[in-house]
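Trainee: Quick one, final_20.tsv (TSV, C-alpha atoms):
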```tsv
chain	number	residue	atom	x	y	z
N	1	MET	CA	-2.86	-20.65	10.24
N	2	GLY	CA	-2.40	-16.89	9.95
N	3	GLU	CA	-4.58	-14.26	8.36
N	4	ILE	CA	-4.86	-13.85	4.62
N	5	GLU	CA	-2.18	-11.39	3.57
N	6	TYR	CA	-3.58	-8.52	1.53
N	7	SER	CA	-1.21	-7.62	-1.28
N	8	GLU	CA	-1.20	-4.53	-3.47
N	9	HIS	CA	-0.49	-4.49	-7.20
N	10	VAL	CA	0.56	-0.88	-7.41
N	11	VAL	CA	2.24	0.65	-10.44
N	12	THR	CA	4.89	3.01	-9.04
N	13	ALA	CA	7.87	2.25	-11.27
N	14	GLY	CA	9.86	5.33	-12.17
N	15	LEU	CA	8.37	7.60	-9.54
N	16	PRO	CA	10.71	9.86	-7.56
N	17	ASP	CA	11.14	9.58	-3.82
N	18	ASP	CA	9.23	12.76	-3.00
N	19	PRO	CA	7.45	15.72	-4.65
N	20	GLY	CA	10.77	17.49	-5.17
N	21	GLY	CA	11.54	14.94	-7.87
N	22	LEU	CA	8.61	16.39	-9.79
N	23	GLY	CA	9.95	19.91	-9.46
N	24	LEU	CA	7.41	20.87	-6.80
N	25	GLU	CA	7.98	22.86	-3.63
N	26	TRP	CA	7.22	20.77	-0.55
N	27	ARG	CA	8.05	20.24	3.08
N	28	THR	CA	7.49	17.65	5.76
N	29	VAL	CA	4.91	18.53	8.40
N	30	TRP	CA	3.87	16.56	11.45
N	31	VAL	CA	0.27	15.62	12.18
N	32	ALA	CA	-0.58	14.95	15.83
N	33	THR	CA	-2.60	11.71	15.97
N	34	PRO	CA	-3.92	9.67	18.90
N	35	LEU	CA	-0.76	7.51	18.74
N	36	GLY	CA	1.77	10.28	18.18
N	37	ASP	CA	3.07	12.47	15.37
N	38	CYS	CA	2.79	11.18	11.79
N	39	PRO	CA	4.88	12.73	8.99
N	40	ALA	CA	3.11	14.13	5.95
N	41	TRP	CA	4.20	15.84	2.77
N	42	PHE	CA	2.72	19.30	2.34
N	43	VAL	CA	2.76	20.70	-1.18
N	44	PRO	CA	1.46	24.30	-1.22
N	45	ALA	CA	-0.80	25.53	-3.97
N	46	SER	CA	0.62	27.14	-7.07
N	47	GLY	CA	0.14	30.84	-7.72
N	48	PRO	CA	0.21	33.86	-5.41
N	49	ALA	CA	-3.11	33.17	-3.63
N	50	PRO	CA	-3.13	30.18	-1.28
N	51	GLY	CA	-5.79	27.60	-2.04
N	52	LYS	CA	-8.55	27.24	0.51
N	53	THR	CA	-9.62	23.72	-0.41
N	54	TRP	CA	-6.97	21.15	0.48
N	55	VAL	CA	-6.59	17.66	-0.92
N	56	ILE	CA	-5.71	14.99	1.63
N	57	ALA	CA	-4.10	12.02	-0.13
N	58	VAL	CA	-4.40	8.61	1.55
N	59	HIS	CA	-2.30	5.77	0.13
N	60	GLY	CA	-3.18	2.09	0.18
N	61	ARG	CA	-1.77	-0.73	2.21
N	62	GLY	CA	1.66	-2.05	1.36
N	63	VAL	CA	2.81	1.15	-0.35
N	64	ASP	CA	3.60	4.70	0.75
N	65	ARG	CA	2.96	8.34	-0.06
N	66	ARG	CA	4.59	7.95	-3.48
N	67	GLU	CA	1.24	6.59	-4.63
N	68	CYS	CA	-0.05	10.16	-4.90
N	69	LEU	CA	2.83	11.40	-7.05
N	70	ARG	CA	1.20	10.42	-10.34
N	71	ILE	CA	-1.72	12.81	-9.84
N	72	LEU	CA	0.12	15.40	-7.74
N	73	PRO	CA	1.19	17.68	-10.64
N	74	THR	CA	-2.43	17.87	-11.79
N	75	LEU	CA	-3.68	18.76	-8.31
N	76	HIS	CA	-0.92	21.36	-8.02
N	77	ARG	CA	-1.79	22.87	-11.39
N	78	LEU	CA	-5.43	23.13	-10.33
N	79	GLY	CA	-4.40	25.20	-7.32
N	80	PHE	CA	-4.93	22.72	-4.50
N	81	PRO	CA	-2.63	22.52	-1.51
N	82	VAL	CA	-2.00	18.79	-0.98
N	83	LEU	CA	-1.36	16.94	2.26
N	84	ALA	CA	-0.07	13.41	1.56
N	85	ILE	CA	-0.35	11.63	4.88
N	86	THR	CA	1.04	8.62	6.64
N	87	TYR	CA	-0.89	6.57	9.17
N	88	ARG	CA	-0.13	4.12	11.94
N	89	ASN	CA	2.39	1.38	11.06
N	90	ASP	CA	3.77	3.34	8.10
N	91	LEU	CA	7.49	3.98	7.94
N	92	GLY	CA	8.20	6.91	10.26
N	93	ALA	CA	4.73	6.82	11.83
N	94	PRO	CA	3.81	5.36	15.23
N	95	ALA	CA	3.00	1.68	15.42
N	96	SER	CA	-0.43	0.49	16.46
N	97	PRO	CA	-0.52	-1.14	19.92
N	98	ASP	CA	-0.71	-4.64	18.41
N	99	GLY	CA	1.54	-3.90	15.43
N	100	HIS	CA	-1.16	-4.83	12.91
N	101	TYR	CA	-2.96	-2.88	10.21
N	102	HIS	CA	-6.67	-2.70	11.01
N	103	LEU	CA	-7.90	-2.29	7.44
N	104	GLY	CA	-9.34	1.18	8.08
N	105	ASP	CA	-11.03	0.38	11.39
N	106	THR	CA	-8.50	2.43	13.39
N	107	GLU	CA	-6.47	4.17	10.68
N	108	TRP	CA	-9.37	6.57	10.07
N	109	LEU	CA	-8.43	8.30	13.34
N	110	ASP	CA	-5.14	9.38	11.75
N	111	LEU	CA	-7.01	10.76	8.74
N	112	ALA	CA	-9.32	12.64	11.11
N	113	SER	CA	-6.25	14.16	12.74
N	114	ALA	CA	-4.93	15.17	9.31
N	115	ALA	CA	-8.25	16.81	8.43
N	116	GLU	CA	-8.11	18.73	11.71
N	117	TYR	CA	-4.54	19.79	10.90
N	118	ALA	CA	-5.60	21.07	7.47
N	119	ARG	CA	-8.51	23.03	8.87
N	120	ARG	CA	-6.37	24.59	11.59
N	121	ASN	CA	-3.87	25.66	8.95
N	122	GLY	CA	-6.25	27.48	6.66
N	123	ALA	CA	-8.31	24.89	4.79
N	124	SER	CA	-11.96	25.93	4.44
N	125	GLY	CA	-12.80	22.82	2.45
N	126	LEU	CA	-11.37	19.35	1.95
N	127	VAL	CA	-11.07	16.80	-0.85
N	128	LEU	CA	-10.28	13.23	0.17
N	129	TYR	CA	-8.29	11.20	-2.37
N	130	GLY	CA	-7.83	7.53	-1.50
N	131	TRP	CA	-6.25	4.59	-3.23
N	132	SER	CA	-7.30	1.01	-2.41
N	133	MET	CA	-7.33	0.66	1.40
N	134	GLY	CA	-7.08	4.45	1.47
N	135	ALA	CA	-10.69	4.43	0.27
N	136	ALA	CA	-11.67	2.19	3.18
N	137	ILE	CA	-9.96	4.65	5.52
N	138	THR	CA	-11.72	7.66	4.00
N	139	SER	CA	-15.13	5.96	3.99
N	140	THR	CA	-14.74	5.05	7.66
N	141	TYR	CA	-13.84	8.65	8.41
N	142	LEU	CA	-16.94	9.83	6.55
N	143	ASP	CA	-19.05	7.43	8.59
N	144	ARG	CA	-17.65	7.97	12.08
N	145	ALA	CA	-16.10	11.44	12.36
N	146	HIS	CA	-19.40	13.27	12.86
N	147	ASP	CA	-20.11	11.43	16.12
N	148	ALA	CA	-16.53	11.42	17.41
N	149	SER	CA	-16.16	15.07	18.43
N	150	PRO	CA	-17.66	18.50	17.60
N	151	THR	CA	-14.40	19.56	15.92
N	152	TRP	CA	-14.28	16.47	13.73
N	153	ALA	CA	-17.97	16.92	12.91
N	154	GLU	CA	-17.15	20.37	11.52
N	155	ASP	CA	-14.16	18.98	9.64
N	156	VAL	CA	-16.05	16.17	7.93
N	157	ALA	CA	-18.85	18.58	7.01
N	158	SER	CA	-16.24	20.56	5.06
N	159	VAL	CA	-15.45	17.65	2.70
N	160	ARG	CA	-16.41	18.93	-0.75
N	161	ALA	CA	-15.57	15.87	-2.83
N	162	VAL	CA	-13.96	12.43	-2.79
N	163	VAL	CA	-11.84	10.64	-5.38
N	164	TRP	CA	-11.28	6.89	-5.05
N	165	ASP	CA	-8.88	4.86	-7.17
N	166	SER	CA	-9.41	1.07	-7.08
N	167	PRO	CA	-11.46	1.53	-3.89
N	168	LEU	CA	-11.68	-1.25	-1.36
N	169	LEU	CA	-15.41	-1.23	-0.64
N	170	ASP	CA	-15.97	-4.74	0.73
N	171	TRP	CA	-13.30	-6.47	2.79
N	172	ARG	CA	-14.92	-9.92	2.66
N	173	ALA	CA	-15.12	-9.80	-1.12
N	174	THR	CA	-11.50	-8.66	-1.29
N	175	LEU	CA	-10.25	-11.46	0.96
N	176	HIS	CA	-12.22	-14.00	-1.06
N	177	LEU	CA	-10.68	-12.69	-4.29
N	178	GLN	CA	-7.22	-12.94	-2.75
N	179	ALA	CA	-7.94	-16.49	-1.58
N	180	ALA	CA	-9.24	-17.52	-4.99
N	181	ALA	CA	-6.08	-16.19	-6.60
N	182	ARG	CA	-4.14	-18.50	-4.30
N	183	ARG	CA	-6.54	-21.35	-5.04
N	184	LEU	CA	-7.53	-21.79	-1.43
N	185	PRO	CA	-10.62	-23.97	-0.91
N	186	SER	CA	-13.75	-22.26	0.43
N	187	PRO	CA	-13.56	-23.75	3.96
N	188	LEU	CA	-9.97	-22.55	4.30
N	189	THR	CA	-10.95	-19.12	3.04
N	190	LEU	CA	-13.69	-18.87	5.65
N	191	LEU	CA	-11.28	-19.95	8.37
N	192	ALA	CA	-8.68	-17.41	7.30
N	193	THR	CA	-11.30	-14.65	7.28
N	194	LEU	CA	-12.38	-15.59	10.80
N	195	VAL	CA	-8.76	-15.58	11.94
N	196	THR	CA	-8.31	-12.09	10.49
N	197	LYS	CA	-11.47	-10.92	12.25
N	198	TRP	CA	-10.30	-12.34	15.57
N	199	ARG	CA	-6.71	-11.17	15.22
N	200	ILE	CA	-7.43	-7.49	14.62
N	201	GLY	CA	-10.95	-7.23	16.06
N	202	ILE	CA	-12.60	-5.97	12.88
N	203	ASP	CA	-16.33	-6.22	12.17
N	204	PHE	CA	-16.49	-7.00	8.46
N	205	ASP	CA	-20.17	-6.03	8.36
N	206	GLN	CA	-19.03	-2.43	8.85
N	207	PHE	CA	-16.81	-2.70	5.76
N	208	ASP	CA	-19.38	-3.57	3.12
N	209	MET	CA	-20.18	-0.18	1.67
N	210	VAL	CA	-23.00	-1.40	-0.53
N	211	ARG	CA	-24.91	-2.58	2.54
N	212	LYS	CA	-23.55	0.07	4.91
N	213	PRO	CA	-22.69	3.30	3.10
N	214	PRO	CA	-21.05	6.11	5.08
N	215	SER	CA	-23.30	8.59	6.84
N	216	VAL	CA	-21.64	11.53	5.03
N	217	ARG	CA	-21.71	11.11	1.24
N	218	PRO	CA	-20.00	13.92	-0.70
N	219	PRO	CA	-19.80	13.86	-4.51
N	220	THR	CA	-17.49	10.97	-5.39
N	221	LEU	CA	-15.45	10.01	-8.44
N	222	MET	CA	-14.38	6.36	-8.64
N	223	PHE	CA	-11.85	4.74	-10.96
N	224	HIS	CA	-11.52	0.97	-11.14
N	225	GLY	CA	-9.84	-1.34	-13.62
N	226	ASP	CA	-11.78	-4.34	-14.84
N	227	ALA	CA	-8.59	-6.45	-14.67
N	228	ASP	CA	-7.95	-5.73	-10.97
N	229	THR	CA	-6.67	-8.91	-9.30
N	230	ALA	CA	-6.24	-7.37	-5.83
N	231	VAL	CA	-9.60	-5.69	-5.16
N	232	PRO	CA	-12.77	-6.90	-6.89
N	233	VAL	CA	-14.51	-4.50	-9.24
N	234	GLY	CA	-17.99	-5.86	-8.44
N	235	PRO	CA	-18.60	-3.72	-5.31
N	236	ALA	CA	-17.77	-0.54	-7.25
N	237	ARG	CA	-20.30	-1.45	-9.90
N	238	ALA	CA	-22.90	-2.34	-7.26
N	239	LEU	CA	-22.37	0.88	-5.30
N	240	THR	CA	-22.68	2.94	-8.46
N	241	SER	CA	-25.99	1.26	-9.27
N	242	ILE	CA	-27.56	2.29	-5.95
N	243	ALA	CA	-25.90	5.69	-5.49
N	244	ASP	CA	-28.87	7.72	-6.75
N	245	GLY	CA	-31.14	6.02	-4.24
N	246	LEU	CA	-28.69	6.98	-1.48
N	247	ASP	CA	-28.68	10.63	-2.60
N	248	TRP	CA	-24.97	10.18	-3.28
N	249	PRO	CA	-23.62	12.05	-6.32
N	250	MET	CA	-21.29	9.54	-7.92
N	251	ARG	CA	-19.31	9.29	-11.13
N	252	TYR	CA	-17.76	5.94	-12.05
N	253	ARG	CA	-15.06	5.30	-14.63
N	254	GLU	CA	-14.15	1.68	-15.30
N	255	VAL	CA	-10.90	1.25	-17.18
N	256	ALA	CA	-10.61	-1.73	-19.50
N	257	GLY	CA	-7.58	-3.91	-18.88
N	258	ALA	CA	-6.28	-1.88	-15.93
N	259	GLU	CA	-4.77	-3.64	-12.92
N	260	HIS	CA	-4.98	-2.46	-9.33
N	261	THR	CA	-4.47	1.33	-9.01
N	262	ALA	CA	-3.29	1.44	-12.62
N	263	ALA	CA	-6.11	3.50	-14.15
N	264	TRP	CA	-3.78	6.52	-14.42
N	265	ASN	CA	-1.08	4.41	-16.05
N	266	ALA	CA	-3.55	3.19	-18.67
N	267	ASP	CA	-4.42	6.73	-19.82
N	268	PRO	CA	-2.70	9.58	-17.94
N	269	PRO	CA	-4.24	12.46	-19.95
N	270	GLY	CA	-7.75	11.00	-19.75
N	271	TYR	CA	-7.46	10.26	-16.04
N	272	GLU	CA	-6.12	13.71	-15.25
N	273	ALA	CA	-8.79	15.43	-17.33
N	274	GLU	CA	-11.50	13.48	-15.53
N	275	VAL	CA	-10.13	14.43	-12.12
N	276	ALA	CA	-9.74	18.08	-13.15
N	277	GLU	CA	-13.27	18.37	-14.51
N	278	PHE	CA	-14.81	16.64	-11.50
N	279	LEU	CA	-12.97	18.69	-8.88
N	280	SER	CA	-13.54	21.95	-10.74
N	281	LYS	CA	-17.26	21.22	-10.66
N	282	TYR	CA	-17.65	20.14	-7.07
N	283	THR	CA	-15.23	22.45	-5.33
N	284	ASP	CA	-17.25	25.36	-6.70
N	285	GLY	CA	-14.32	27.58	-7.53
N	286	THR	CA	-12.87	27.54	-4.02
N	287	MET	CA	-9.54	26.09	-5.10
N	288	THR	CA	-7.67	29.35	-5.31
N	289	GLY	CA	-10.22	31.86	-4.01
```
Mind converting the file's structure to structure tokens?
Mentor:
Amino acid sequence: MGEIEYSEHVVTAGLPDDPGGLGLEWRTVWVATPLGDCPAWFVPASGPAPGKTWVIAVHGRGVDRRECLRILPTLHRLGFPVLAITYRNDLGAPASPDGHYHLGDTEWLDLASAAEYARRNGASGLVLYGWSMGAAITSTYLDRAHDASPTWAEDVASVRAVVWDSPLLDWRATLHLQAAARRLPSPLTLLATLVTKWRIGIDFDQFDMVRKPPSVRPPTLMFHGDADTAVPVGPARALTSIADGLDWPMRYREVAGAEHTAAWNADPPGYEAEVAEFLSKYTDGTMTG
């Protein structure tokens, strides 16, 4: 029996192929990662003065950089340069040695390389924006980058804020939800989880953010739909309830009836206004200064 396949329910219908389809200036840049160069979209800030706080957009598993296109015009209007990255096993990016996704356990290294790229190219501050497994990647980066190298420690210390959309905060809970949707019996679910752990070498205890929050905890805005059938909403609620005790500034918006990563689709103006207000507060006016 193979591992449980993690599937995304992403709403991307009608999106263009790249930022140019939104009328935005952009170019492809190459981020040097431990496995080789990964392509990324770079969308410069609007206005005459270049923004100093960059947004790094990290898509979820099973999709691509188009996931960021829904919020990209808002980020551009706010004056943020945006770097929409790829990571290992994405189309056009290097493959991992075993050819498998590692659910954030190794992909965070590619995000760390992207953060280093942004800082070397003028970013004084960073915003991390992750969808689904992209949240797992960003949280792992926040937990491990400080101890990985002095340069990465400086980079992660520059993270001003985080936005998570349908964040994957607990891999065991997510795999159990996926198994229940397929009506797998509990013993088979446990076996499949063990196979996944063995196959990719992941320690699921490190991917339960309620029990093991990241060591670096910037102000964070979370969106999650209460009708999400891909990633359970329970961990987001639980993390929100303990955030104050962790000295973790957190704002949580649960969207009634929204499926996985579909909070924007449910209410684009409300979603965009929430993101704009949050980032304007926590980036402290550094967007275009």
Trainee: Looking at all atoms listed in the file, which of N:Leu78, N:Val162, N:Ala84, N:Ala118 is the one that sits closest to N:Ser139?
Mentor: N:Val162
Trainee: Work out how far atom CA of N:Ser46 is from atom CA of N:Arg77, in Å to one decimal.
Mentor: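 Between atom CA of N:Arg77 and atom CA of N:Ser46 the gap is 6.5 Å.
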Trainee: Between atom CA of N:Ala227 and atom CA of N:Met250, what is the spacing in Å?
Mentor: 21.5 Å
Trainee: Would you please work out which residue, of N:Thr74, N:Asn121, N:Ser96, N:Thr261, is nearest to N:Gly134 when using all atoms listed in the file?
Mentor: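 Closest to N:Gly134, using all atoms listed in the file: N:Thr261.
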Trainee: Where does stretch 19-118 of chain N meet stretch 141-161 of chain N within 9 Å, residue by residue, with the nearest atom pair and distance in Å to one decimal for each, counting all atoms listed in the file, listed by chain and rising number, as a tab-separated table?
Mentor:
```
residue	atom	partner	partner_atom	distance
N:Thr53	CA	N:Arg160	CA	8.3
N:Gly104	CA	N:Tyr141	CA	8.7
N:Glu107	CA	N:Tyr141	CA	8.9
N:Trp108	CA	N:Tyr141	CA	5.2
N:Leu109	CA	N:Tyr141	CA	7.3
N:Leu111	CA	N:Tyr141	CA	7.2
N:Ala112	CA	N:Tyr141	CA	6.6
N:Ser113	CA	N:Trp152	CA	8.4
N:Ala115	CA	N:Asp155	CA	6.4
N:Glu116	CA	N:Asp155	CA	6.4
```
Trainee: From the list N:His76, N:Gly245, N:Gly62, N:Gly14, which residue is nearest N:Trp26 when using all atoms listed in the file?
Mentor: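 Selected residue with least distance to N:Trp26: N:His76.
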Trainee: Do you know which residues are at most 12 Å from N:Pro39 counting all atoms listed in the file, after dropping those on the same chain fewer than 2 positions away, and could you put them as a list in words?
Mentor: Arg27, Thr28, Val29, Trp30, Val31, Ala32, Thr33, Gly36, Asp37, Trp41, Phe42, Asp64, Arg65, Leu83, Ala84, Ile85, Thr86, Tyr87, Arg88, Asn89, Asp90, Leu91, Gly92, Ala93, Pro94, Asp110, Ser113, Ala114 and Tyr117 of chain N
Trainee: Write a file of the selected residues as a PDB file, in the coordinates of the input, keeping C-alpha atoms.
Mentor:
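Result went into result-v9.pdb, see below:
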```pdb
ATOM      1  CA  ARG N  27       8.050  20.240   3.080  1.00  0.00           C
ATOM      2  CA  THR N  28       7.490  17.650   5.760  1.00  0.00           C
ATOM      3  CA  VAL N  29       4.910  18.530   8.400  1.00  0.00           C
ATOM      4  CA  TRP N  30       3.870  16.560  11.450  1.00  0.00           C
ATOM      5  CA  VAL N  31       0.270  15.620  12.180  1.00  0.00           C
ATOM      6  CA  ALA N  32      -0.580  14.950  15.830  1.00  0.00           C
ATOM      7  CA  THR N  33      -2.600  11.710  15.970  1.00  0.00           C
ATOM      8  CA  GLY N  36       1.770  10.280  18.180  1.00  0.00           C
ATOM      9  CA  ASP N  37       3.070  12.470  15.370  1.00  0.00           C
ATOM     10  CA  TRP N  41       4.200  15.840   2.770  1.00  0.00           C
ATOM     11  CA  PHE N  42       2.720  19.300   2.340  1.00  0.00           C
ATOM     12  CA  ASP N  64       3.600   4.700   0.750  1.00  0.00           C
ATOM     13  CA  ARG N  65       2.960   8.340  -0.060  1.00  0.00           C
ATOM     14  CA  LEU N  83      -1.360  16.940   2.260  1.00  0.00           C
ATOM     15  CA  ALA N  84      -0.070  13.410   1.560  1.00  0.00           C
ATOM     16  CA  ILE N  85      -0.350  11.630   4.880  1.00  0.00           C
ATOM     17  CA  THR N  86       1.040   8.620   6.640  1.00  0.00           C
ATOM     18  CA  TYR N  87      -0.890   6.570   9.170  1.00  0.00           C
ATOM     19  CA  ARG N  88      -0.130   4.120  11.940  1.00  0.00           C
ATOM     20  CA  ASN N  89       2.390   1.380  11.060  1.00  0.00           C
ATOM     21  CA  ASP N  90       3.770   3.340   8.100  1.00  0.00           C
ATOM     22  CA  LEU N  91       7.490   3.980   7.940  1.00  0.00           C
ATOM     23  CA  GLY N  92       8.200   6.910  10.260  1.00  0.00           C
ATOM     24  CA  ALA N  93       4.730   6.820  11.830  1.00  0.00           C
ATOM     25  CA  PRO N  94       3.810   5.360  15.230  1.00  0.00           C
ATOM     26  CA  ASP N 110      -5.140   9.380  11.750  1.00  0.00           C
ATOM     27  CA  SER N 113      -6.250  14.160  12.740  1.00  0.00           C
ATOM     28  CA  ALA N 114      -4.930  15.170   9.310  1.00  0.00           C
ATOM     29  CA  TYR N 117      -4.540  19.790  10.900  1.00  0.00           C
TER      30      TYR N 117
END
```
Trainee: Please measure the separation of atom CA of N:Thr283 and atom CA of N:Leu72, giving the value in Å to one decimal.
Mentor: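 Between atom CA of N:Thr283 and atom CA of N:Leu72 the gap works out to 17.1 Å.
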Trainee: Tell me which of N:Phe204, N:Tyr101, N:Tyr271, N:Trp248 sits closest to N:Phe223, counting all atoms listed in the file.
Mentor: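 Answer, going by the shortest atom-to-atom distance: N:Tyr271.
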Trainee: Some atoms are missing, so please complete stretch 98-107 of chain N with all heavy atoms and return it as a PDB file, keeping the file's coordinate frame.
Mentor:
```pdb
ATOM      1  N   ASP N  98      -0.942  -3.220  18.702  1.00  0.00           N
ATOM      2  CA  ASP N  98      -0.710  -4.640  18.410  1.00  0.00           C
ATOM      3  C   ASP N  98       0.200  -4.858  17.211  1.00  0.00           C
ATOM      4  O   ASP N  98       0.503  -5.998  16.852  1.00  0.00           O
ATOM      5  CB  ASP N  98      -2.033  -5.378  18.200  1.00  0.00           C
ATOM      6  CG  ASP N  98      -2.843  -4.832  17.031  1.00  0.00           C
ATOM      7  OD1 ASP N  98      -2.337  -3.946  16.302  1.00  0.00           O
ATOM      8  OD2 ASP N  98      -3.995  -5.276  16.842  1.00  0.00           O
ATOM      9  N   GLY N  99       0.638  -3.771  16.573  1.00  0.00           N
ATOM     10  CA  GLY N  99       1.540  -3.900  15.430  1.00  0.00           C
ATOM     11  C   GLY N  99       0.881  -4.297  14.138  1.00  0.00           C
ATOM     12  O   GLY N  99       1.574  -4.509  13.141  1.00  0.00           O
ATOM     13  N   HIS N 100      -0.451  -4.388  14.102  1.00  0.00           N
ATOM     14  CA  HIS N 100      -1.160  -4.830  12.910  1.00  0.00           C
ATOM     15  C   HIS N 100      -1.891  -3.661  12.238  1.00  0.00           C
ATOM     16  O   HIS N 100      -2.373  -2.742  12.913  1.00  0.00           O
ATOM     17  CB  HIS N 100      -2.204  -5.903  13.244  1.00  0.00           C
ATOM     18  CG  HIS N 100      -1.629  -7.168  13.782  1.00  0.00           C
ATOM     19  ND1 HIS N 100      -0.663  -7.890  13.113  1.00  0.00           N
ATOM     20  CD2 HIS N 100      -1.891  -7.852  14.926  1.00  0.00           C
ATOM     21  CE1 HIS N 100      -0.348  -8.959  13.824  1.00  0.00           C
ATOM     22  NE2 HIS N 100      -1.073  -8.955  14.929  1.00  0.00           N
ATOM     23  N   TYR N 101      -2.010  -3.733  10.912  1.00  0.00           N
ATOM     24  CA  TYR N 101      -2.960  -2.880  10.210  1.00  0.00           C
ATOM     25  C   TYR N 101      -4.369  -3.339  10.566  1.00  0.00           C
ATOM     26  O   TYR N 101      -4.629  -4.533  10.712  1.00  0.00           O
ATOM     27  CB  TYR N 101      -2.758  -2.959   8.701  1.00  0.00           C
ATOM     28  CG  TYR N 101      -1.564  -2.193   8.201  1.00  0.00           C
ATOM     29  CD1 TYR N 101      -0.381  -2.839   7.856  1.00  0.00           C
ATOM     30  CD2 TYR N 101      -1.622  -0.804   8.059  1.00  0.00           C
ATOM     31  CE1 TYR N 101       0.718  -2.130   7.390  1.00  0.00           C
ATOM     32  CE2 TYR N 101      -0.523  -0.090   7.590  1.00  0.00           C
ATOM     33  CZ  TYR N 101       0.642  -0.765   7.260  1.00  0.00           C
ATOM     34  OH  TYR N 101       1.714  -0.062   6.804  1.00  0.00           O
ATOM     35  N   HIS N 102      -5.295  -2.387  10.651  1.00  0.00           N
ATOM     36  CA  HIS N 102      -6.670  -2.700  11.010  1.00  0.00           C
ATOM     37  C   HIS N 102      -7.631  -2.397   9.864  1.00  0.00           C
ATOM     38  O   HIS N 102      -8.840  -2.259  10.090  1.00  0.00           O
ATOM     39  CB  HIS N 102      -7.069  -1.967  12.290  1.00  0.00           C
ATOM     40  CG  HIS N 102      -6.472  -2.575  13.521  1.00  0.00           C
ATOM     41  ND1 HIS N 102      -7.220  -3.000  14.587  1.00  0.00           N
ATOM     42  CD2 HIS N 102      -5.189  -2.854  13.851  1.00  0.00           C
ATOM     43  CE1 HIS N 102      -6.437  -3.505  15.532  1.00  0.00           C
ATOM     44  NE2 HIS N 102      -5.189  -3.427  15.098  1.00  0.00           N
ATOM     45  N   LEU N 103      -7.101  -2.316   8.665  1.00  0.00           N
ATOM     46  CA  LEU N 103      -7.900  -2.290   7.440  1.00  0.00           C
ATOM     47  C   LEU N 103      -8.859  -1.103   7.375  1.00  0.00           C
ATOM     48  O   LEU N 103      -9.895  -1.156   6.720  1.00  0.00           O
ATOM     49  CB  LEU N 103      -8.674  -3.606   7.287  1.00  0.00           C
ATOM     50  CG  LEU N 103      -7.857  -4.890   7.503  1.00  0.00           C
ATOM     51  CD1 LEU N 103      -8.727  -6.128   7.245  1.00  0.00           C
ATOM     52  CD2 LEU N 103      -6.624  -4.923   6.630  1.00  0.00           C
ATOM     53  N   GLY N 104      -8.515  -0.017   8.057  1.00  0.00           N
ATOM     54  CA  GLY N 104      -9.340   1.180   8.080  1.00  0.00           C
ATOM     55  C   GLY N 104     -10.089   1.387   9.376  1.00  0.00           C
ATOM     56  O   GLY N 104     -10.561   2.492   9.667  1.00  0.00           O
ATOM     57  N   ASP N 105     -10.212   0.338  10.186  1.00  0.00           N
ATOM     58  CA  ASP N 105     -11.030   0.380  11.390  1.00  0.00           C
ATOM     59  C   ASP N 105     -10.453   1.295  12.464  1.00  0.00           C
ATOM     60  O   ASP N 105     -11.185   1.835  13.288  1.00  0.00           O
ATOM     61  CB  ASP N 105     -11.193  -1.042  11.943  1.00  0.00           C
ATOM     62  CG  ASP N 105     -12.373  -1.183  12.875  1.00  0.00           C
ATOM     63  OD1 ASP N 105     -13.353  -0.435  12.722  1.00  0.00           O
ATOM     64  OD2 ASP N 105     -12.322  -2.071  13.757  1.00  0.00           O
ATOM     65  N   THR N 106      -9.136   1.478  12.468  1.00  0.00           N
ATOM     66  CA  THR N 106      -8.500   2.430  13.390  1.00  0.00           C
ATOM     67  C   THR N 106      -7.729   3.512  12.640  1.00  0.00           C
ATOM     68  O   THR N 106      -7.573   4.630  13.157  1.00  0.00           O
ATOM     69  CB  THR N 106      -7.534   1.705  14.351  1.00  0.00           C
ATOM     70  OG1 THR N 106      -6.537   0.999  13.587  1.00  0.00           O
ATOM     71  CG2 THR N 106      -8.284   0.716  15.233  1.00  0.00           C
ATOM     72  N   GLU N 107      -7.278   3.208  11.443  1.00  0.00           N
ATOM     73  CA  GLU N 107      -6.470   4.170  10.680  1.00  0.00           C
ATOM     74  C   GLU N 107      -7.246   5.455  10.379  1.00  0.00           C
ATOM     75  O   GLU N 107      -6.636   6.510  10.150  1.00  0.00           O
ATOM     76  CB  GLU N 107      -5.984   3.528   9.382  1.00  0.00           C
ATOM     77  CG  GLU N 107      -4.935   2.438   9.574  1.00  0.00           C
ATOM     78  CD  GLU N 107      -5.533   1.059   9.863  1.00  0.00           C
ATOM     79  OE1 GLU N 107      -6.789   0.965   9.985  1.00  0.00           O
ATOM     80  OE2 GLU N 107      -4.762   0.089   9.970  1.00  0.00           O
TER      81      GLU N 107
END
```
